[in-house]
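Reading through the structure tokens given below for one structure.
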There are 2 protein chains.
Amino acid sequence: MTEEELMLEQLFDDDKLTDKQKKIIVAAIETFSEKGYAASSTSEIAKKAGVAEGTIFRHYKTKKELLVSIVAPLMTKFIAPLVVKDFNKVLDRNYETVEDFLRATIENRRDLLVRMLPVVKIMLQEIPFQPELREQFLELVVKNIFNRVEKVIVGYQEKGLLIDMPPESIARLTITNILGFLFTRYILFPHLDWEDEDEIEHTIQFIMHGVGKKE
Amino acid sequence: MTEEELMLEQLFDDDKLTDKQKKIIVAAIETFSEKGYAASSTSEIAKKAGVAEGTIFRHYKTKKELLVSIVAPLMTKFIAPLVVKDFNKVLDRNYETVEDFLRATIENRRDLLVRMLPVVKIMLQEIPFQPELREQFLELVVKNIFNRVEKVIVGYQEKGLLIDMPPESIARLTITNILGFLFTRYILFPHLDWEDEDEIEHTIQFIMHGVGKKE
DNA sequence: AATTAGTGTGAGTAATCACTCATTTTCTAG
DNA sequence: CTAGAAAATGAGTGATTACTCACACTAATT
């Protein structure tokens with residue numbers, strides 16, 4: 001099983017997809033990620049998938065529908081459970097420090113995030129230009145997840161582990177740093193030498209001592 | 001004088017440009033910023049500029065040359081001096097705390113940054129896809145500026161104002177947060193209600209207490 | 001008035017675009 | 001094994017793409 005198919009399993013109910021449909025999705029992700037949505041032609045995607053161009057339009061009415069069908073599952077099936085699962089852990093185990101929680105979350109999901117990176121890249125690239133995606137992103141990610149994150153943050157604030165900053169600001173700043181690292185590391189300068197473990201630890205330390213209340 | 005022309009003055013030697021050339025640049029910036037480079041057609045840019053399509057290609061051999069001629073000056077004439085100027089201030093005034101330095105830098109340049117935002121947006125959007133731009137960005141911005149930033153950081157570290165983290169990590173994390181705020185504020189969710197002054201202060205506090213050594 | 005050089009034009013080009021549809025191939029149920 | 005449905009095809013569609021070029025216009029110099 002290729003790495004792409006592993007990623008597909010995470011994102012789609014691939015039982016219902018034919019072989020050619022999977023190949024179309026894989027080819028589309030690869031092409032969109034490399035050249036951007038607007039610069040990718042359906043003929044190129046079809047060629048890369050080893051499929052007739054008409055086959056694409058049998059399953060997706062338009063090129064944009066193909067884009068949305070790739071990015072939308074990332075938001076509904078990946079991001080949301082990612083946070084929910086680890087939040088349940090927080091509720092169960094009740095991490096003593098935010099630091100531990102952050103480290104566990106990032107370490108747990110890093111491989112998965114890296115594997116999803118082509119789709120994440122497409123999402124970040126196209127959200128500014130596709131109001132459809134932006135609306136979905138706002139509804140699914142921002143409102144849904146931020147609400148949950150904020151509850152946890154308030155909990156830690158009441159324990160005196162986090163400073164008295166508006167929870168939505170703390171959430172924004174924390175997520176900015178995690179995504180910022182991934183963006184810098186894998187999209188902006190993937191060819192530079194990176195000491196991944198060190199950088200992650202630095203990022204956690206940075207976040208922590210930014211929002212962690214000093215005794 | 002329109003706001004666009006004010007921006008142009010910052011970016012170009014507009015004495016040498018004819019009226020139509022300026023209009024082409026303004027229209028190109030607006031179109032690229034709204035729809036992205038690949039989705040913008042030269043015919044649309046010409047129409048918006050009130051110019052024949054052939055006029056664009058009299059001054060720019062290709063569409064990509066038009067893009068580069070817009071983004072390149074931003075990197076050479078805007079970003080570099082932006083940092084250099086404030087670094088001279090640091091050397092002159094010798095801010096006691098990093099916090100003061102950050103606040104001065106952000107507050108000083110925010111209006112300018114906002115005015116430049118369409119071009120900055122184009123730059124951020126196209127760097128992943130244009131190796132030409134990425135190389136320029138690496139050479140002009142990353143190497144040049146990071147070197148200077150790191151010297152300042154080392155200086156503050158020796159004073160005991162910053163923690164013992166590799167300077168390039170501190171630089172990366174600090175810049176990530178400033179750009180991350182601007183990206184979230186003006187590109188991702190420009191239509192949300194923002195308390196700008198508060199968010200800036202939060203960002204500074206976050207950066208500071210992240211890298212600021214505790215007594 | 002003539003020359004020259006630079007600016008601007010817009011119809012025209014081949015190539016490519018997203019998308020359609022009549023037809024064929026593959027799959028599935030009885 | 002067969003029939004009907006679903007999947008896949010690829011030649012064909014008009015529209016649009018980046019770009020060209022022969023020509024007109026303008027302004028400054030001789």
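Going by the structure tokens order, chains are called A, B, ..., each with residues numbered from 1, while ligands are numbered from 1 in the order shown.
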
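When the distance limit is 10 Å and only C-alpha atoms (C1' of nucleotides) are what count, the residues near Ile106 (chain B), minus those fewer than 3 positions from it on the same chain, are Asp86, Phe101, Leu102, Arg103, Arg109, Arg110, Asp111, Leu113, Ile178, Ile200, Glu201 and Ile204 of chain B.
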
Go ahead and dump the residues you just picked, N, CA and C atoms, as a short mmCIF file (atom, residue, chain, number, x, y, z; two decimals), in the first residue's frame.
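So selection-v3.cif came out as:
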data_model
loop_
_atom_site.label_atom_id
_atom_site.label_comp_id
_atom_site.auth_asym_id
_atom_site.auth_seq_id
_atom_site.Cartn_x
_atom_site.Cartn_y
_atom_site.Cartn_z
N ASP B 86 15.06 49.98 11.67
CA ASP B 86 14.75 49.80 13.07
C ASP B 86 15.93 49.23 13.84
N PHE B 101 11.45 47.39 22.02
CA PHE B 101 11.91 47.31 20.64
C PHE B 101 10.83 46.74 19.73
N LEU B 102 10.20 45.66 20.18
CA LEU B 102 9.15 45.04 19.38
C LEU B 102 7.99 45.99 19.18
N ARG B 103 7.57 46.63 20.27
CA ARG B 103 6.41 47.52 20.17
C ARG B 103 6.71 48.67 19.23
N ARG B 109 5.64 50.56 11.85
CA ARG B 109 5.52 50.09 10.47
C ARG B 109 4.17 49.49 10.10
N ARG B 110 3.27 49.48 11.05
CA ARG B 110 2.03 48.77 10.78
C ARG B 110 1.26 49.39 9.62
N ASP B 111 1.11 50.69 9.61
CA ASP B 111 0.37 51.34 8.52
C ASP B 111 0.99 51.00 7.18
N LEU B 113 2.84 48.41 6.47
CA LEU B 113 2.60 47.00 6.18
C LEU B 113 1.20 46.78 5.65
N ILE B 178 4.65 37.53 14.20
CA ILE B 178 4.26 38.82 13.61
C ILE B 178 3.56 38.58 12.28
N ILE B 200 -2.29 43.25 19.01
CA ILE B 200 -0.85 43.54 18.87
C ILE B 200 -0.16 43.43 20.23
N GLU B 201 -0.82 44.02 21.24
CA GLU B 201 -0.22 43.96 22.58
C GLU B 201 -0.13 42.50 23.05
N ILE B 204 2.76 40.85 21.28
CA ILE B 204 4.04 41.26 21.86
C ILE B 204 4.27 40.58 23.20
#

- Message: For a quick test of understanding: name the residues of chain C lying within 12 Å of chain B when counting only C-alpha atoms (C1' of nucleotides), and present them as a ChimeraX atom specification.
- Response: /C:6-12,17

Limited to N, CA and C atoms (P, O5', C5', C4', C3', O3' and C1' of nucleotides), could you put the picked residues into a file as a compact mmCIF listing (two decimals), in the first residue's frame?
# COMPACT_ATOMS: atom_id res chain seq x y z
P DG C 6 14.59 54.12 -28.09
O5' DG C 6 13.27 54.24 -27.21
C5' DG C 6 13.00 55.48 -26.56
C4' DG C 6 11.50 55.67 -26.43
C3' DG C 6 10.78 54.45 -25.83
O3' DG C 6 10.00 54.89 -24.73
C1' DG C 6 9.70 55.17 -27.81
P DT C 7 9.19 53.86 -23.87
O5' DT C 7 7.70 54.09 -24.41
C5' DT C 7 7.17 55.41 -24.42
C4' DT C 7 5.72 55.39 -24.85
C3' DT C 7 4.88 54.27 -24.23
O3' DT C 7 3.69 54.84 -23.71
C1' DT C 7 4.69 54.23 -26.59
P DG C 8 2.65 53.91 -22.97
O5' DG C 8 1.65 53.52 -24.13
C5' DG C 8 0.95 54.56 -24.81
C4' DG C 8 0.14 53.97 -25.95
C3' DG C 8 -0.76 52.79 -25.56
O3' DG C 8 -2.11 53.12 -25.87
C1' DG C 8 0.43 52.35 -27.57
P DT C 9 -3.25 52.07 -25.56
O5' DT C 9 -3.50 51.39 -26.96
C5' DT C 9 -3.83 52.22 -28.09
C4' DT C 9 -3.92 51.40 -29.34
C3' DT C 9 -4.87 50.20 -29.24
O3' DT C 9 -5.98 50.43 -30.09
C1' DT C 9 -2.84 49.63 -30.36
P DG C 10 -7.43 50.13 -29.52
O5' DG C 10 -7.80 48.79 -30.31
C5' DG C 10 -7.71 48.80 -31.73
C4' DG C 10 -7.47 47.38 -32.22
C3' DG C 10 -8.33 46.31 -31.53
O3' DG C 10 -8.68 45.33 -32.49
C1' DG C 10 -6.10 45.71 -31.38
P DA C 11 -10.19 44.98 -32.79
O5' DA C 11 -10.07 44.17 -34.17
C5' DA C 11 -9.33 44.73 -35.26
C4' DA C 11 -8.33 43.71 -35.80
C3' DA C 11 -8.88 42.30 -35.96
O3' DA C 11 -8.37 41.74 -37.18
C1' DA C 11 -6.98 42.24 -34.58
P DG C 12 -8.78 40.29 -37.68
O5' DG C 12 -7.55 39.39 -37.21
C5' DG C 12 -6.27 39.59 -37.78
C4' DG C 12 -5.30 38.58 -37.19
C3' DG C 12 -5.82 37.14 -37.15
O3' DG C 12 -4.84 36.26 -37.67
C1' DG C 12 -5.03 37.78 -35.02
P DC C 17 -4.03 23.28 -20.34
O5' DC C 17 -5.49 23.79 -19.96
C5' DC C 17 -5.66 25.16 -19.62
C4' DC C 17 -7.13 25.52 -19.63
C3' DC C 17 -8.04 24.42 -19.11
O3' DC C 17 -8.14 24.53 -17.71
C1' DC C 17 -8.93 25.43 -21.10

- Message: Counting only C-alpha atoms (C1' of nucleotides), a student should be able to say which residues of chain D come within 12 Å of chain A; what is the right answer, written as a PyMOL selection string?
- Response: chain D and resi 6-12+17

Saved selection, atoms kept: C-alpha atoms (C1' of nucleotides), as a PDB file, in the first residue's frame:
ATOM      1  C1'  DA D   6     -22.817   1.875 -13.795  1.00  0.00           C
ATOM      2  C1'  DA D   7     -18.233   3.302 -15.097  1.00  0.00           C
ATOM      3  C1'  DA D   8     -15.143   4.775 -18.398  1.00  0.00           C
ATOM      4  C1'  DT D   9     -13.994   6.574 -22.684  1.00  0.00           C
ATOM      5  C1'  DG D  10     -11.971  10.123 -26.070  1.00  0.00           C
ATOM      6  C1'  DA D  11     -13.100  12.835 -29.852  1.00  0.00           C
ATOM      7  C1'  DG D  12     -15.242  17.173 -30.041  1.00  0.00           C
ATOM      8  C1'  DT D  17      -5.414  31.809 -22.815  1.00  0.00           C
TER       9       DT D  17
END

Counting only C-alpha atoms, give me one row per residue of chain A with an atom at most 8 Å from an atom of chain B, showing the shortest contact pair and its distance in Å to one decimal, sorted by chain then residue number, as a Markdown table.
| residue | atom | partner | partner_atom | distance |
| --- | --- | --- | --- | --- |
| A:Glu34 | CA | B:Phe129 | CA | 7.2 |
| A:Lys35 | CA | B:Phe129 | CA | 6.1 |
| A:Gly36 | CA | B:Phe129 | CA | 7.4 |
| A:Ala38 | CA | B:Ala39 | CA | 5.5 |
| A:Ala39 | CA | B:Ala38 | CA | 5.5 |
| A:Gln125 | CA | B:Gln125 | CA | 6.8 |
| A:Ile127 | CA | B:Leu188 | CA | 7.5 |
| A:Pro128 | CA | B:Leu188 | CA | 6.2 |
| A:Phe129 | CA | B:Lys35 | CA | 6.1 |
| A:Met165 | CA | B:His202 | CA | 7.5 |
| A:Ser169 | CA | B:Glu199 | CA | 7.3 |
| A:Leu173 | CA | B:Asn177 | CA | 7.4 |
| A:Thr176 | CA | B:Gly180 | CA | 6.0 |
| A:Asn177 | CA | B:Asn177 | CA | 6.8 |
| A:Gly180 | CA | B:Thr176 | CA | 6.0 |
| A:Phe181 | CA | B:Thr176 | CA | 7.8 |
| A:Ile187 | CA | B:Pro128 | CA | 6.8 |
| A:Leu188 | CA | B:Pro128 | CA | 6.4 |
| A:Glu199 | CA | B:Ser169 | CA | 7.3 |
| A:His202 | CA | B:Ser169 | CA | 7.3 |
| A:Thr203 | CA | B:Leu173 | CA | 7.4 |
| A:Gln205 | CA | B:Gly210 | CA | 7.4 |
| A:Phe206 | CA | B:Gly210 | CA | 4.7 |
| A:Ile207 | CA | B:Gly210 | CA | 6.3 |
| A:Met208 | CA | B:Gly210 | CA | 6.9 |
| A:His209 | CA | B:Gly210 | CA | 4.5 |
| A:Gly210 | CA | B:Gly210 | CA | 3.7 |
| A:Val211 | CA | B:Phe206 | CA | 6.4 |
| A:Lys214 | CA | B:Lys214 | CA | 7.9 |

Take the residues from that selection and put them in a file with N, CA and C atoms, as a PDB file, in the first residue's frame.
ATOM      1  N   GLU A  34       1.403  20.797  -6.064  1.00  0.00           N
ATOM      2  CA  GLU A  34       2.637  21.220  -6.730  1.00  0.00           C
ATOM      3  C   GLU A  34       2.484  22.563  -7.436  1.00  0.00           C
ATOM      4  N   LYS A  35       1.353  22.753  -8.137  1.00  0.00           N
ATOM      5  CA  LYS A  35       1.230  23.917  -9.014  1.00  0.00           C
ATOM      6  C   LYS A  35       0.146  24.885  -8.562  1.00  0.00           C
ATOM      7  N   GLY A  36      -0.648  24.504  -7.586  1.00  0.00           N
ATOM      8  CA  GLY A  36      -1.778  25.332  -7.205  1.00  0.00           C
ATOM      9  C   GLY A  36      -3.002  24.964  -8.005  1.00  0.00           C
ATOM     10  N   ALA A  38      -5.440  26.794  -9.597  1.00  0.00           N
ATOM     11  CA  ALA A  38      -5.744  27.473 -10.864  1.00  0.00           C
ATOM     12  C   ALA A  38      -4.788  27.046 -11.971  1.00  0.00           C
ATOM     13  N   ALA A  39      -3.556  26.718 -11.621  1.00  0.00           N
ATOM     14  CA  ALA A  39      -2.558  26.368 -12.636  1.00  0.00           C
ATOM     15  C   ALA A  39      -2.601  24.884 -12.995  1.00  0.00           C
ATOM     16  N   GLN A 125      -3.499  27.344   0.691  1.00  0.00           N
ATOM     17  CA  GLN A 125      -3.327  28.132  -0.522  1.00  0.00           C
ATOM     18  C   GLN A 125      -4.655  28.643  -1.071  1.00  0.00           C
ATOM     19  N   ILE A 127      -7.840  28.748   0.484  1.00  0.00           N
ATOM     20  CA  ILE A 127      -8.811  29.427   1.347  1.00  0.00           C
ATOM     21  C   ILE A 127      -8.925  30.923   1.052  1.00  0.00           C
ATOM     22  N   PRO A 128      -7.811  31.619   0.819  1.00  0.00           N
ATOM     23  CA  PRO A 128      -7.956  33.048   0.523  1.00  0.00           C
ATOM     24  C   PRO A 128      -8.753  33.349  -0.745  1.00  0.00           C
ATOM     25  N   PHE A 129      -8.833  32.389  -1.678  1.00  0.00           N
ATOM     26  CA  PHE A 129      -9.474  32.668  -2.959  1.00  0.00           C
ATOM     27  C   PHE A 129     -10.824  31.987  -3.141  1.00  0.00           C
ATOM     28  N   MET A 165      -5.090  36.093  29.597  1.00  0.00           N
ATOM     29  CA  MET A 165      -5.239  36.693  28.281  1.00  0.00           C
ATOM     30  C   MET A 165      -6.538  36.136  27.726  1.00  0.00           C
ATOM     31  N   SER A 169      -7.399  34.695  22.037  1.00  0.00           N
ATOM     32  CA  SER A 169      -6.061  35.146  21.651  1.00  0.00           C
ATOM     33  C   SER A 169      -5.032  34.057  21.922  1.00  0.00           C
ATOM     34  N   LEU A 173      -2.780  32.366  19.040  1.00  0.00           N
ATOM     35  CA  LEU A 173      -1.320  32.415  19.099  1.00  0.00           C
ATOM     36  C   LEU A 173      -0.720  31.013  19.129  1.00  0.00           C
ATOM     37  N   THR A 176      -1.221  29.420  15.685  1.00  0.00           N
ATOM     38  CA  THR A 176      -0.330  30.112  14.753  1.00  0.00           C
ATOM     39  C   THR A 176       1.073  29.532  14.797  1.00  0.00           C
ATOM     40  N   ASN A 177       1.555  29.265  16.001  1.00  0.00           N
ATOM     41  CA  ASN A 177       2.923  28.785  16.123  1.00  0.00           C
ATOM     42  C   ASN A 177       3.087  27.365  15.615  1.00  0.00           C
ATOM     43  N   GLY A 180       2.614  27.668  11.903  1.00  0.00           N
ATOM     44  CA  GLY A 180       3.749  28.439  11.399  1.00  0.00           C
ATOM     45  C   GLY A 180       5.001  27.602  11.283  1.00  0.00           C
ATOM     46  N   PHE A 181       5.247  26.769  12.252  1.00  0.00           N
ATOM     47  CA  PHE A 181       6.391  25.867  12.177  1.00  0.00           C
ATOM     48  C   PHE A 181       6.255  24.911  11.005  1.00  0.00           C
ATOM     49  N   ILE A 187       6.800  23.721   3.795  1.00  0.00           N
ATOM     50  CA  ILE A 187       6.351  24.373   2.567  1.00  0.00           C
ATOM     51  C   ILE A 187       7.341  25.441   2.121  1.00  0.00           C
ATOM     52  N   LEU A 188       7.764  26.288   3.050  1.00  0.00           N
ATOM     53  CA  LEU A 188       8.635  27.401   2.670  1.00  0.00           C
ATOM     54  C   LEU A 188      10.068  26.926   2.421  1.00  0.00           C
ATOM     55  N   GLU A 199      13.541  21.636  17.088  1.00  0.00           N
ATOM     56  CA  GLU A 199      12.662  22.745  16.719  1.00  0.00           C
ATOM     57  C   GLU A 199      11.293  22.597  17.374  1.00  0.00           C
ATOM     58  N   HIS A 202      11.676  23.556  20.916  1.00  0.00           N
ATOM     59  CA  HIS A 202      11.778  25.016  21.008  1.00  0.00           C
ATOM     60  C   HIS A 202      10.403  25.666  20.867  1.00  0.00           C
ATOM     61  N   THR A 203       9.651  25.144  19.898  1.00  0.00           N
ATOM     62  CA  THR A 203       8.320  25.708  19.668  1.00  0.00           C
ATOM     63  C   THR A 203       7.441  25.528  20.904  1.00  0.00           C
ATOM     64  N   GLN A 205       8.470  25.091  24.006  1.00  0.00           N
ATOM     65  CA  GLN A 205       9.004  25.960  25.046  1.00  0.00           C
ATOM     66  C   GLN A 205       8.547  27.400  24.829  1.00  0.00           C
ATOM     67  N   PHE A 206       8.589  27.807  23.557  1.00  0.00           N
ATOM     68  CA  PHE A 206       8.192  29.179  23.217  1.00  0.00           C
ATOM     69  C   PHE A 206       6.724  29.429  23.543  1.00  0.00           C
ATOM     70  N   ILE A 207       5.897  28.502  23.098  1.00  0.00           N
ATOM     71  CA  ILE A 207       4.476  28.654  23.392  1.00  0.00           C
ATOM     72  C   ILE A 207       4.255  28.678  24.902  1.00  0.00           C
ATOM     73  N   MET A 208       4.845  27.717  25.586  1.00  0.00           N
ATOM     74  CA  MET A 208       4.634  27.557  27.019  1.00  0.00           C
ATOM     75  C   MET A 208       5.027  28.790  27.810  1.00  0.00           C
ATOM     76  N   HIS A 209       6.222  29.212  27.605  1.00  0.00           N
ATOM     77  CA  HIS A 209       6.690  30.342  28.403  1.00  0.00           C
ATOM     78  C   HIS A 209       6.117  31.654  27.910  1.00  0.00           C
ATOM     79  N   GLY A 210       5.309  31.540  26.832  1.00  0.00           N
ATOM     80  CA  GLY A 210       4.582  32.717  26.396  1.00  0.00           C
ATOM     81  C   GLY A 210       3.269  32.808  27.139  1.00  0.00           C
ATOM     82  N   VAL A 211       2.564  31.718  27.232  1.00  0.00           N
ATOM     83  CA  VAL A 211       1.256  31.762  27.874  1.00  0.00           C
ATOM     84  C   VAL A 211       1.284  31.150  29.271  1.00  0.00           C
ATOM     85  N   LYS A 214       4.087  32.798  35.148  1.00  0.00           N
ATOM     86  CA  LYS A 214       5.295  32.621  35.961  1.00  0.00           C
ATOM     87  C   LYS A 214       4.944  32.665  37.447  1.00  0.00           C
TER      88      LYS A 214
END

- Item | Point-to-point distance from C1' of DC21 (chain D) to CA of Ile29 (chain B), Å rounded to tenths |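 These two atoms are separated by 27.4 Å.
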